[in-house]
>>> print(open('run_1.csv').read())   # CSV, N, CA, C and O atoms
chain,number,residue,atom,x,y,z
T,165,MET,N,0.8,-1.2,0.0
T,165,MET,CA,0.0,0.0,0.0
T,165,MET,C,0.9,1.2,0.0
T,165,MET,O,1.8,1.3,0.8
T,166,ARG,N,0.6,2.1,-0.9
T,166,ARG,CA,1.4,3.4,-1.0
T,166,ARG,C,0.9,4.4,0.0
T,166,ARG,O,-0.2,4.5,0.3
T,167,GLU,N,1.9,5.1,0.6
T,167,GLU,CA,1.6,6.1,1.5
T,167,GLU,C,1.8,7.5,0.8
T,167,GLU,O,2.6,7.6,-0.1
T,168,ARG,N,1.0,8.4,1.2
T,168,ARG,CA,1.1,9.7,0.6
T,168,ARG,C,2.2,10.6,1.4
T,168,ARG,O,2.3,10.5,2.6
T,169,PHE,N,2.9,11.3,0.6
T,169,PHE,CA,3.9,12.2,1.2
T,169,PHE,C,3.3,13.6,1.4
T,169,PHE,O,2.8,14.2,0.5
T,170,ILE,N,3.3,14.1,2.6
T,170,ILE,CA,2.8,15.4,3.0
T,170,ILE,C,3.9,16.3,3.3
T,170,ILE,O,4.6,16.0,4.3
T,171,THR,N,4.1,17.3,2.6
T,171,THR,CA,5.2,18.3,2.8
T,171,THR,C,4.6,19.7,3.0
T,171,THR,O,4.3,20.4,2.0
T,172,GLY,N,4.3,20.0,4.2
T,172,GLY,CA,3.7,21.3,4.5
T,172,GLY,C,2.3,21.4,3.9
T,172,GLY,O,1.5,20.5,4.2
T,173,SER,N,2.0,22.4,3.1
T,173,SER,CA,0.7,22.6,2.5
T,173,SER,C,0.6,21.9,1.1
T,173,SER,O,-0.4,21.9,0.5
T,174,VAL,N,1.7,21.3,0.7
T,174,VAL,CA,1.7,20.6,-0.6
T,174,VAL,C,1.5,19.1,-0.4
T,174,VAL,O,2.3,18.5,0.3
T,175,ASP,N,0.5,18.5,-1.0
T,175,ASP,CA,0.2,17.1,-0.9
T,175,ASP,C,0.5,16.5,-2.2
T,175,ASP,O,-0.1,16.6,-3.2
T,176,MET,N,1.6,15.7,-2.2
T,176,MET,CA,2.1,15.0,-3.4
T,176,MET,C,1.6,13.6,-3.4
T,176,MET,O,1.8,12.8,-2.5
T,177,ASN,N,0.8,13.4,-4.5
T,177,ASN,CA,0.2,12.1,-4.7
T,177,ASN,C,0.7,11.5,-6.0
T,177,ASN,O,0.9,12.2,-6.9
T,178,ALA,N,1.0,10.2,-6.1
T,178,ALA,CA,1.5,9.6,-7.3
T,178,ALA,C,0.5,9.7,-8.4
T,178,ALA,O,0.9,9.8,-9.6
T,179,ALA,N,-0.8,9.7,-8.1
T,179,ALA,CA,-1.8,9.8,-9.2
T,179,ALA,C,-1.8,11.2,-9.8
T,179,ALA,O,-2.1,11.4,-11.0
T,180,ARG,N,-1.4,12.2,-9.1
T,180,ARG,CA,-1.5,13.6,-9.6
T,180,ARG,C,-0.2,14.0,-10.4
T,180,ARG,O,-0.2,14.9,-11.1
T,181,LEU,N,0.8,13.2,-10.3
T,181,LEU,CA,2.1,13.5,-10.9
T,181,LEU,C,2.0,13.5,-12.4
T,181,LEU,O,2.5,14.3,-13.1
T,182,GLY,N,1.2,12.5,-13.0
T,182,GLY,CA,1.1,12.5,-14.4
T,182,GLY,C,0.0,13.4,-15.0
T,182,GLY,O,-0.1,13.6,-16.2
T,183,ASP,N,-0.7,14.1,-14.1
T,183,ASP,CA,-1.8,15.0,-14.6
T,183,ASP,C,-1.4,16.4,-14.5
T,183,ASP,O,-2.2,17.3,-14.7
T,184,SER,N,-0.1,16.7,-14.2
T,184,SER,CA,0.3,18.1,-14.1
T,184,SER,C,0.3,18.8,-15.4
T,184,SER,O,0.4,18.2,-16.5
T,185,ASP,N,0.3,20.1,-15.4
T,185,ASP,CA,0.3,20.9,-16.7
T,185,ASP,C,1.7,20.7,-17.4
T,185,ASP,O,1.7,20.6,-18.6
T,186,LEU,N,2.8,20.6,-16.7
T,186,LEU,CA,4.1,20.3,-17.3
T,186,LEU,C,4.1,19.0,-18.0
T,186,LEU,O,4.6,18.9,-19.1
T,187,ALA,N,3.5,18.0,-17.4
T,187,ALA,CA,3.5,16.6,-18.0
T,187,ALA,C,2.7,16.6,-19.3
T,187,ALA,O,3.0,16.0,-20.3
T,188,LYS,N,1.6,17.4,-19.3
T,188,LYS,CA,0.7,17.5,-20.5
T,188,LYS,C,1.4,18.2,-21.6
T,188,LYS,O,1.4,17.8,-22.7
T,189,ILE,N,2.2,19.3,-21.2
T,189,ILE,CA,2.9,20.0,-22.2
T,189,ILE,C,4.0,19.2,-22.8
T,189,ILE,O,4.2,19.1,-24.0
T,190,LEU,N,4.8,18.5,-22.0
T,190,LEU,CA,5.8,17.6,-22.4
T,190,LEU,C,5.3,16.5,-23.3
T,190,LEU,O,5.9,16.1,-24.3
T,191,ARG,N,4.1,15.9,-22.9
T,191,ARG,CA,3.5,14.9,-23.7
T,191,ARG,C,3.1,15.4,-25.1
T,191,ARG,O,3.3,14.7,-26.1
T,192,GLY,N,2.6,16.6,-25.1
T,192,GLY,CA,2.2,17.2,-26.4
T,192,GLY,C,3.4,17.5,-27.3
T,192,GLY,O,3.4,17.2,-28.5
T,193,VAL,N,4.5,17.9,-26.7
T,193,VAL,CA,5.7,18.2,-27.5
T,193,VAL,C,6.3,16.8,-28.0
T,193,VAL,O,6.7,16.8,-29.2
T,194,ALA,N,6.2,15.8,-27.2
T,194,ALA,CA,6.7,14.5,-27.6
T,194,ALA,C,5.9,14.0,-28.8
T,194,ALA,O,6.4,13.4,-29.7
T,195,VAL,N,4.6,14.2,-28.8
T,195,VAL,CA,3.7,13.7,-29.9
T,195,VAL,C,4.0,14.5,-31.1
T,195,VAL,O,4.1,13.9,-32.2
T,196,ILE,N,4.3,15.8,-31.0
T,196,ILE,CA,4.6,16.6,-32.2
T,196,ILE,C,6.0,16.2,-32.8
T,196,ILE,O,6.1,16.0,-34.0
T,197,VAL,N,7.0,15.9,-31.9
T,197,VAL,CA,8.3,15.4,-32.4
T,197,VAL,C,8.1,14.1,-33.1
T,197,VAL,O,8.7,13.8,-34.1
T,198,ALA,N,7.3,13.2,-32.5
T,198,ALA,CA,7.1,11.9,-33.0
T,198,ALA,C,6.4,12.0,-34.4
T,198,ALA,O,6.8,11.3,-35.3
T,199,ALA,N,5.4,12.9,-34.5
T,199,ALA,CA,4.8,13.0,-35.8
T,199,ALA,C,5.7,13.6,-36.9
T,199,ALA,O,5.7,13.1,-38.0
T,200,ALA,N,6.6,14.5,-36.5
T,200,ALA,CA,7.6,15.0,-37.4
T,200,ALA,C,8.5,13.9,-37.9
T,200,ALA,O,8.9,13.8,-39.0
T,201,LEU,N,8.9,13.0,-36.9
T,201,LEU,CA,9.8,12.0,-37.3
T,201,LEU,C,9.2,10.9,-38.1
T,201,LEU,O,9.8,10.1,-38.8
T,202,MET,N,7.8,10.8,-38.1
T,202,MET,CA,7.1,9.9,-38.9
T,202,MET,C,6.8,10.4,-40.3
T,202,MET,O,6.7,9.7,-41.3
T,203,ILE,N,6.7,11.8,-40.4
T,203,ILE,CA,6.4,12.4,-41.7
T,203,ILE,C,7.6,12.8,-42.5
T,203,ILE,O,7.7,12.6,-43.7
T,204,LEU,N,8.6,13.4,-41.8
T,204,LEU,CA,9.7,14.0,-42.5
T,204,LEU,C,10.6,13.0,-43.2
T,204,LEU,O,11.3,13.4,-44.2
T,205,PRO,N,10.8,11.7,-42.8
T,205,PRO,CA,11.7,10.8,-43.5
T,205,PRO,C,11.4,10.7,-45.0
T,205,PRO,O,12.3,10.5,-45.8
T,206,ALA,N,10.2,10.8,-45.4
T,206,ALA,CA,9.9,10.7,-46.8
T,206,ALA,C,10.6,11.8,-47.6
T,206,ALA,O,11.2,11.6,-48.6
T,207,TYR,N,10.5,13.0,-47.1
T,207,TYR,CA,11.1,14.2,-47.7
T,207,TYR,C,12.6,14.1,-47.6
T,207,TYR,O,13.4,14.4,-48.5
T,208,LEU,N,13.1,13.7,-46.4
T,208,LEU,CA,14.5,13.6,-46.2
T,208,LEU,C,15.1,12.5,-47.1
T,208,LEU,O,16.3,12.7,-47.5
T,209,ASN,N,14.4,11.4,-47.3
T,209,ASN,CA,14.9,10.4,-48.2
T,209,ASN,C,15.1,11.0,-49.6
T,209,ASN,O,16.1,10.7,-50.2
T,210,TYR,N,14.2,11.8,-50.1
T,210,TYR,CA,14.3,12.4,-51.4
T,210,TYR,C,15.5,13.3,-51.4
T,210,TYR,O,16.3,13.3,-52.4
T,211,GLU,N,15.7,14.2,-50.4
T,211,GLU,CA,16.8,15.1,-50.4
T,211,GLU,C,18.1,14.4,-50.2
T,211,GLU,O,19.1,14.9,-50.8
T,212,ILE,N,18.2,13.4,-49.4
T,212,ILE,CA,19.5,12.7,-49.2
T,212,ILE,C,19.9,12.0,-50.4
T,212,ILE,O,21.0,12.0,-50.8
T,213,TRP,N,18.9,11.5,-51.2
T,213,TRP,CA,19.2,10.7,-52.4
T,213,TRP,C,19.7,11.7,-53.5
T,213,TRP,O,20.6,11.3,-54.2
T,214,LYS,N,19.2,12.9,-53.5
T,214,LYS,CA,19.7,13.9,-54.4
T,214,LYS,C,21.1,14.3,-54.2
T,214,LYS,O,21.8,14.7,-55.1
T,215,THR,N,21.6,14.2,-52.9
T,215,THR,CA,23.0,14.7,-52.6
T,215,THR,C,24.0,13.6,-53.0
T,215,THR,O,25.2,13.9,-52.9
T,216,GLY,N,23.6,12.5,-53.4
T,216,GLY,CA,24.5,11.5,-53.9
T,216,GLY,C,24.7,10.3,-52.9
T,216,GLY,O,25.6,9.5,-53.2
T,217,PHE,N,24.0,10.2,-51.9
T,217,PHE,CA,24.1,9.0,-51.0
T,217,PHE,C,23.6,7.8,-51.7
T,217,PHE,O,22.8,7.9,-52.7
T,218,ASN,N,24.0,6.7,-51.3
T,218,ASN,CA,23.6,5.4,-51.8
T,218,ASN,C,22.1,5.3,-51.5
T,218,ASN,O,21.7,5.6,-50.3
T,219,PRO,N,21.2,4.8,-52.3
T,219,PRO,CA,19.8,4.7,-52.0
T,219,PRO,C,19.5,3.8,-50.8
T,219,PRO,O,18.6,4.0,-50.0
T,220,VAL,N,20.4,2.8,-50.6
T,220,VAL,CA,20.2,1.9,-49.4
T,220,VAL,C,20.4,2.7,-48.1
T,220,VAL,O,19.7,2.5,-47.1
T,221,VAL,N,21.5,3.5,-48.2
T,221,VAL,CA,21.8,4.3,-47.0
T,221,VAL,C,20.7,5.3,-46.7
T,221,VAL,O,20.3,5.5,-45.5
T,222,SER,N,20.2,6.0,-47.7
T,222,SER,CA,19.1,7.0,-47.5
T,222,SER,C,17.8,6.3,-47.0
T,222,SER,O,17.1,6.9,-46.1
T,223,MET,N,17.5,5.1,-47.5
T,223,MET,CA,16.3,4.4,-47.0
T,223,MET,C,16.5,3.9,-45.6
T,223,MET,O,15.6,4.0,-44.8
T,224,ALA,N,17.7,3.5,-45.3
T,224,ALA,CA,18.0,3.1,-43.9
T,224,ALA,C,17.8,4.2,-42.9
T,224,ALA,O,17.3,4.1,-41.8
T,225,ILE,N,18.3,5.4,-43.3
T,225,ILE,CA,18.2,6.6,-42.4
T,225,ILE,C,16.7,6.9,-42.2
T,225,ILE,O,16.3,7.2,-41.1
T,226,SER,N,16.0,6.9,-43.3
T,226,SER,CA,14.5,7.2,-43.2
T,226,SER,C,13.8,6.2,-42.4
T,226,SER,O,12.9,6.6,-41.6
T,227,LEU,N,14.1,4.9,-42.5
T,227,LEU,CA,13.4,3.9,-41.7
T,227,LEU,C,13.7,4.0,-40.2
T,227,LEU,O,12.9,3.8,-39.4
T,228,GLN,N,15.0,4.4,-39.9
T,228,GLN,CA,15.4,4.5,-38.5
T,228,GLN,C,14.7,5.7,-37.9
T,228,GLN,O,14.2,5.7,-36.8
T,229,LEU,N,14.6,6.8,-38.7
T,229,LEU,CA,13.8,8.0,-38.1
T,229,LEU,C,12.4,7.7,-37.9
T,229,LEU,O,11.8,8.1,-36.9
T,230,PHE,N,11.8,7.0,-38.9
T,230,PHE,CA,10.4,6.6,-38.7
T,230,PHE,C,10.2,5.7,-37.5
T,230,PHE,O,9.2,5.9,-36.7
T,231,ALA,N,11.1,4.7,-37.3
T,231,ALA,CA,11.0,3.8,-36.1
T,231,ALA,C,11.1,4.6,-34.8
T,231,ALA,O,10.4,4.3,-33.9
T,232,ILE,N,12.0,5.5,-34.8
T,232,ILE,CA,12.2,6.3,-33.6
T,232,ILE,C,10.9,7.2,-33.3
T,232,ILE,O,10.5,7.3,-32.2
T,233,GLY,N,10.3,7.7,-34.4
T,233,GLY,CA,9.1,8.4,-34.2
T,233,GLY,C,7.9,7.6,-33.7
T,233,GLY,O,7.2,8.0,-32.8
T,234,ILE,N,7.8,6.3,-34.2
T,234,ILE,CA,6.8,5.4,-33.6
T,234,ILE,C,7.0,5.1,-32.2
T,234,ILE,O,6.1,5.1,-31.4
T,235,VAL,N,8.3,4.9,-31.8
T,235,VAL,CA,8.6,4.6,-30.4
T,235,VAL,C,8.3,5.8,-29.5
T,235,VAL,O,7.7,5.6,-28.4
T,236,ILE,N,8.6,7.0,-29.9
T,236,ILE,CA,8.3,8.2,-29.1
T,236,ILE,C,6.8,8.4,-29.0
T,236,ILE,O,6.3,8.7,-27.9
T,237,PHE,N,6.1,8.1,-30.1
T,237,PHE,CA,4.6,8.3,-30.0
T,237,PHE,C,4.0,7.3,-29.0
T,237,PHE,O,3.2,7.7,-28.2
T,238,ILE,N,4.5,6.0,-29.1
T,238,ILE,CA,3.9,5.1,-28.1
T,238,ILE,C,4.3,5.4,-26.7
T,238,ILE,O,3.4,5.3,-25.8
T,239,LEU,N,5.5,5.9,-26.5
T,239,LEU,CA,5.9,6.3,-25.1
T,239,LEU,C,5.1,7.6,-24.6
T,239,LEU,O,4.7,7.6,-23.5
T,240,ALA,N,4.8,8.5,-25.6
T,240,ALA,CA,4.1,9.7,-25.2
T,240,ALA,C,2.6,9.4,-24.9
T,240,ALA,O,2.0,9.9,-24.0
T,241,VAL,N,2.0,8.6,-25.8
T,241,VAL,CA,0.5,8.4,-25.7
T,241,VAL,C,0.2,7.3,-24.6
T,241,VAL,O,-0.7,7.4,-23.9
T,242,GLY,N,1.1,6.3,-24.6
T,242,GLY,CA,0.9,5.2,-23.6
T,242,GLY,C,0.2,4.0,-24.2
T,242,GLY,O,-0.6,4.1,-25.1
T,243,ARG,N,0.7,2.9,-23.8
T,243,ARG,CA,0.2,1.6,-24.4
T,243,ARG,C,-1.3,1.4,-24.0
T,243,ARG,O,-2.0,0.8,-24.8
T,244,ASP,N,-1.8,1.9,-22.9
T,244,ASP,CA,-3.2,1.7,-22.5
T,244,ASP,C,-4.1,2.3,-23.5
T,244,ASP,O,-5.2,1.8,-23.8
T,245,ARG,N,-3.8,3.5,-24.0
T,245,ARG,CA,-4.7,4.2,-24.9
T,245,ARG,C,-4.7,3.5,-26.3
T,245,ARG,O,-5.6,3.7,-27.1
T,246,LEU,N,-3.6,2.8,-26.6
T,246,LEU,CA,-3.5,2.2,-28.0
T,246,LEU,C,-4.1,0.8,-28.0
T,246,LEU,O,-4.3,0.2,-29.0
T,247,ALA,N,-4.3,0.2,-26.8
T,247,ALA,CA,-4.8,-1.2,-26.7
T,247,ALA,C,-6.3,-1.2,-27.1
T,247,ALA,O,-7.0,-0.3,-26.9
T,248,PRO,N,-6.7,-2.3,-27.8
T,248,PRO,CA,-8.1,-2.4,-28.2
T,248,PRO,C,-9.0,-2.5,-27.0
T,248,PRO,O,-8.6,-3.1,-26.0
T,249,LYS,N,-10.1,-1.9,-27.1
T,249,LYS,CA,-11.1,-1.9,-26.1
T,249,LYS,C,-11.9,-3.2,-26.2
T,249,LYS,O,-12.3,-3.6,-27.2
T,250,SER,N,-12.1,-3.9,-25.0
T,250,SER,CA,-13.0,-5.1,-25.0
T,250,SER,C,-14.4,-4.6,-25.1
T,250,SER,O,-14.8,-3.8,-24.4
T,251,GLN,N,-15.2,-5.3,-25.9
T,251,GLN,CA,-16.6,-4.9,-26.1
T,251,GLN,C,-17.5,-5.9,-25.3
T,251,GLN,O,-17.3,-7.2,-25.4
T,252,PRO,N,-18.4,-5.4,-24.5
T,252,PRO,CA,-19.3,-6.3,-23.8
T,252,PRO,C,-20.2,-7.1,-24.8
T,252,PRO,O,-20.6,-6.6,-25.8
T,253,GLN,N,-20.6,-8.3,-24.4
T,253,GLN,CA,-21.4,-9.1,-25.2
T,253,GLN,C,-22.8,-9.3,-24.6
T,253,GLN,O,-23.1,-9.3,-23.6
>>> encode(input="run_1.csv", output="structure tokens")
Amino acid sequence: MRERFITGSVDMNAARLGDSDLAKILRGVAVIVAAALMILPAYLNYEIWKTGFNPVVSMAISLQLFAIGIVIFILAVGRDRLAPKSQPQ
């Protein structure tokens, strides 16, 4: 059983830590960065290819950026929100 920490007039609870305004702002920034990393690799692949890189190298860079974007998105949103909802029968 978790105990609550009371420090003067501030009551710190583990449930309130994820609901703070700073956490919401950071989560929003993480989602925006993840979206950019999922969308920009297509353009970056085109630009990198024009500069003379090997097509395999430019595709590898694009796929890595896309994968990093997916991981950041899952971390920011949370696995619970992405899980399918069970439907009552």
>>> atom_distance(input="run_1.csv", atom1="atom C of T:Ile232", atom2="atom N of T:Ala199")
8.0 Å
>>> residues_around(input="run_1.csv", residues="T:Ser226", least_positions_apart="6", cutoff="8 Å", atoms="all atoms listed in the file", output="MDAnalysis selection string")
chainID T and resid 201:202 204:206 208:209 219:220 232:233
>>> atom_distance(input="run_1.csv", atom1="atom O of T:Val193", atom2="atom O of T:Ile234")
11.9 Å
>>> atom_distance(input="run_1.csv", atom1="atom C of T:Ala200", atom2="atom N of T:Leu229")
9.4 Å
>>> residues_around(input="run_1.csv", residues="T:Val195", least_positions_apart="3", cutoff="7 Å", atoms="only C-alpha atoms", output="ChimeraX atom specification")
/T:191-192,198-199,237,240
>>> closest_residue(input="run_1.csv", among="T:Ile238, T:Phe217, T:Asp244, T:Gln251", to="T:Val197", atoms="only C-alpha atoms")
T:Ile238
>>> residues_around(input="run_1.csv", residues="T:Trp213", least_positions_apart="6", cutoff="8 Å", atoms="all atoms listed in the file", output="list in words")
Tyr207, Pro219, Val221, Ser222 and Met223 of chain T
